[in-house]
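J.: First the structure, then my questions, so here it is.
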Amino acid sequence: MNINATIIGELIAFVVFVFFCMKFVWPPIMAAIETRQATIADGLAASDRAAKDLELAQAKATEQLKEAKAQAASIVDAAKKREAQIVEEAAGKAEAEKAKILAAGHAEIETERNQAKEELRQQVAVLAIAGAEKILERSIDAAAHSDILDKLVAEL
Amino acid sequence: MSDAAANATLTSQEYISHHLTNLTVGEGFWTWNLDTLGWSVFLGLVFLTIFRSVAKKATAGVPGKLQCAVELIVGFVDDSVKGTFHGKNALIAPLALTIFVWVLLMNAMDWVPVDLLPWVISLVSGIDMAHIYMKPVPTTDPNMTFALAGGVFFLIIFYSIKVKGFGGFMKELYGQPFGHWSLYPINFILEIVTLLARPLALSLRLFGNLYAGELIFLLIATLGLYQLPVHFIWAAFHLLVIPLQAFIFMMLTIVYLSLAHEDH
């Protein structure tokens with residue numbers, strides 16, 4: 001074991017090899033490794049995100065379904081209420097119509113009765129006059145009653 | 001894998017020391033260990049070629065199998081760096097990756113049977129194996145481990161001064177562990193020892209472990225036929241030693257540089 005010029009040669013070789021490694025070997029390999037690591041990390045993060053999104057979407061879907069059901073129930077409720085209301089309104093209108101028709105009928109009957117009454121009265125008057133004329137024809141004596149006639153003439 | 005017993009001209013000791021001799025050119029200090037240089041550069045290029053080919057085609061989409069394997073190593077190193085070093089420095093992680101994979105590959109040469117390469121060379125070239133010197137594990141050469149630790153040591157000094165300033169770095173050397181000014185020289189000696197112990201421990205640990213491992217492989221190779229099961233057990237044990245030493249070297253580099261970045 002003796003130290004000789006070999007050490008100089010080896011030192012130069014060492015420096016050259018390290019320099020070459022530093023310039024042309026280490027950076028590209030490290031870049032490839034680090035890029036791949038970043039890609040893998042991104043992929044994992046994306047899959048995590050997707051799983052979370054899916055969970056969220058499912059929760060949202062459930063929520064919407066529940067909401068839709070509630071809405072449907074409320075619509076049915078409202079419809080039932082409205083139906084009842086319409087029936088009630090129709091019944092009220094019908095009642096009013098009935099009352100009106102009845103009133104009109106009553107009024108008509110009344111007028112017709114009044115008319116008949118009037119006619120009857122007139123006819124009774126005519127009959128009474130005719131009866132009176134018949135009675136009067138037999139008993140009236142021009143001479144006996146000339147004074148009344150005269151009075152009437154005088155009054156005219 | 002010929003064994004030493006078959007080679008009558010060599011004693012066990014000669015066999016082992018023959019295998020622990022580098023293939024060299026030059027004289028004195030200007031000796032170059034061709035096997036260490038050749039194998040370490042070759043393995044470094046293997047590492048960079050594979051990783052560069054993956055880096056060029058790296059996709060952030062579904063990765064291929066080779067890219068998966070490379071990313072596994074890169075991710076492992078990156079985790080180790082991020083767990084220890086909390087500053088921002090584009091050099092630390094590639095440095096740790098280079099050290100880990102390069103040292104791992106160089107240590108793995110320990111698994112190549114000790115006589116295989118000389119035997120192949122002898123077959124190809126026709127030279128007798130006794131004249132072929134080939135030490136194929138670069139990390140059993142202190143030149144290799146000292147070069148690595150020296151590079152790391154330089155970075156420790158560089159970042160210490162860059163982060164804390166020269167004054168801050170000096171103050172760290174003499175201002176602790178004792179607060180009183182009269183004890184500053186003692187502090188300085190202690191801290192210098194601590195500082196120098198780091199690269200020394202770093203390089204000697206790697207060198208010692210691998211050198212010892214190689215030595216045991218060589219001893220096993222002198223056992224004759226019995227070497228086969230023993231060799232298997234020792235090689236299996238190196239499944240632990242080889243990556244562990246590479247990991248320790250990388251981890252301590254990160255720790256030392258993270259200490260250099262800490263401002264008190």
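Going through the structure tokens in order, the chains are called A, B, and so on, while each chain numbers its residues from 1 and the ligands are numbered from 1 in the order shown.
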Once you count only C-alpha atoms, what closest atom pair and distance in Å to one decimal does each residue of chain A within 8 Å of chain B have, with rows by chain and rising residue number, as a tab-separated table?
T.:
```
residue	atom	partner	partner_atom	distance
A:Met1	CA	B:Pro142	CA	6.5
A:Asn2	CA	B:Pro142	CA	7.4
A:Ile3	CA	B:Asn143	CA	5.7
A:Asn4	CA	B:Phe29	CA	4.6
A:Ala5	CA	B:Trp30	CA	5.0
A:Thr6	CA	B:Trp32	CA	5.0
A:Ile7	CA	B:Asn143	CA	4.6
A:Ile8	CA	B:Ala147	CA	7.2
A:Gly9	CA	B:Leu37	CA	7.1
A:Glu10	CA	B:Ala147	CA	5.8
A:Leu11	CA	B:Ala147	CA	4.9
A:Ala13	CA	B:Val41	CA	6.8
A:Phe14	CA	B:Leu148	CA	6.8
A:Val15	CA	B:Gly151	CA	7.5
A:Phe17	CA	B:Gly44	CA	7.0
A:Val18	CA	B:Leu95	CA	5.5
A:Phe20	CA	B:Leu48	CA	7.9
A:Cys21	CA	B:Pro94	CA	5.8
A:Met22	CA	B:Pro94	CA	5.0
A:Phe24	CA	B:Arg52	CA	6.7
A:Val25	CA	B:Arg52	CA	5.3
A:Trp26	CA	B:Pro94	CA	5.9
A:Pro28	CA	B:Ala55	CA	5.3
A:Ile29	CA	B:Ala55	CA	5.2
A:Met30	CA	B:Val74	CA	7.7
A:Ala31	CA	B:Ala60	CA	7.8
A:Ala32	CA	B:Ala60	CA	4.4
A:Ile33	CA	B:Ala60	CA	6.3
A:Glu34	CA	B:Ala60	CA	7.9
A:Thr35	CA	B:Ala60	CA	5.7
A:Arg36	CA	B:Ala60	CA	4.8
```
J.: Please return, as a PyMOL selection string, all residues of segment 55-252 of chain B that DSSP assigns to helix (DSSP H, G or I) on the basis of the backbone.
T.: chain B and resi 55-57+65-84+92-111+116-125+129-131+138-140+142-174+181-221+224-252
J.: Contacts of Leu105 of chain B at 9 Å or less, counting only C-alpha atoms, minus same-chain residues fewer than 2 places along, as a list in words?
T.: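 These residues fall inside the cut-off: Ser40, Leu43, Gly44, Val46, Phe47, Phe100, Val101, Trp102, Val103, Asn107, Ala108, Met109, Ile242 and Ala246 of chain B.
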J.: Since we have the selection now, will you write its residues out, keeping C-alpha atoms, as a PDB file, in the first residue's frame?
T.:
```
ATOM      1  CA  SER B  40     -12.487   2.212 -11.416  1.00  0.00           C
ATOM      2  CA  LEU B  43     -17.019   0.835 -13.453  1.00  0.00           C
ATOM      3  CA  GLY B  44     -17.698   4.557 -13.187  1.00  0.00           C
ATOM      4  CA  VAL B  46     -20.788   1.564 -16.448  1.00  0.00           C
ATOM      5  CA  PHE B  47     -22.639   3.435 -13.717  1.00  0.00           C
ATOM      6  CA  PHE B 100     -22.801   4.951  -3.438  1.00  0.00           C
ATOM      7  CA  VAL B 101     -23.104   3.326  -6.847  1.00  0.00           C
ATOM      8  CA  TRP B 102     -19.464   3.705  -7.812  1.00  0.00           C
ATOM      9  CA  VAL B 103     -18.140   2.311  -4.532  1.00  0.00           C
ATOM     10  CA  ASN B 107     -16.551  -3.336  -4.038  1.00  0.00           C
ATOM     11  CA  ALA B 108     -18.536  -5.851  -6.074  1.00  0.00           C
ATOM     12  CA  MET B 109     -15.356  -6.676  -7.981  1.00  0.00           C
ATOM     13  CA  ILE B 242     -20.079  -4.761  -0.060  1.00  0.00           C
ATOM     14  CA  ALA B 246     -20.723   1.650   0.086  1.00  0.00           C
TER      15      ALA B 246
END
```
J.: Kindly give the distance, in Å, that separates atom CA of Leu54 of chain A and atom CA of Lys66 of chain A, rounded to a single decimal.
T.: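 That distance, rounded to one decimal, is 18.2 Å.
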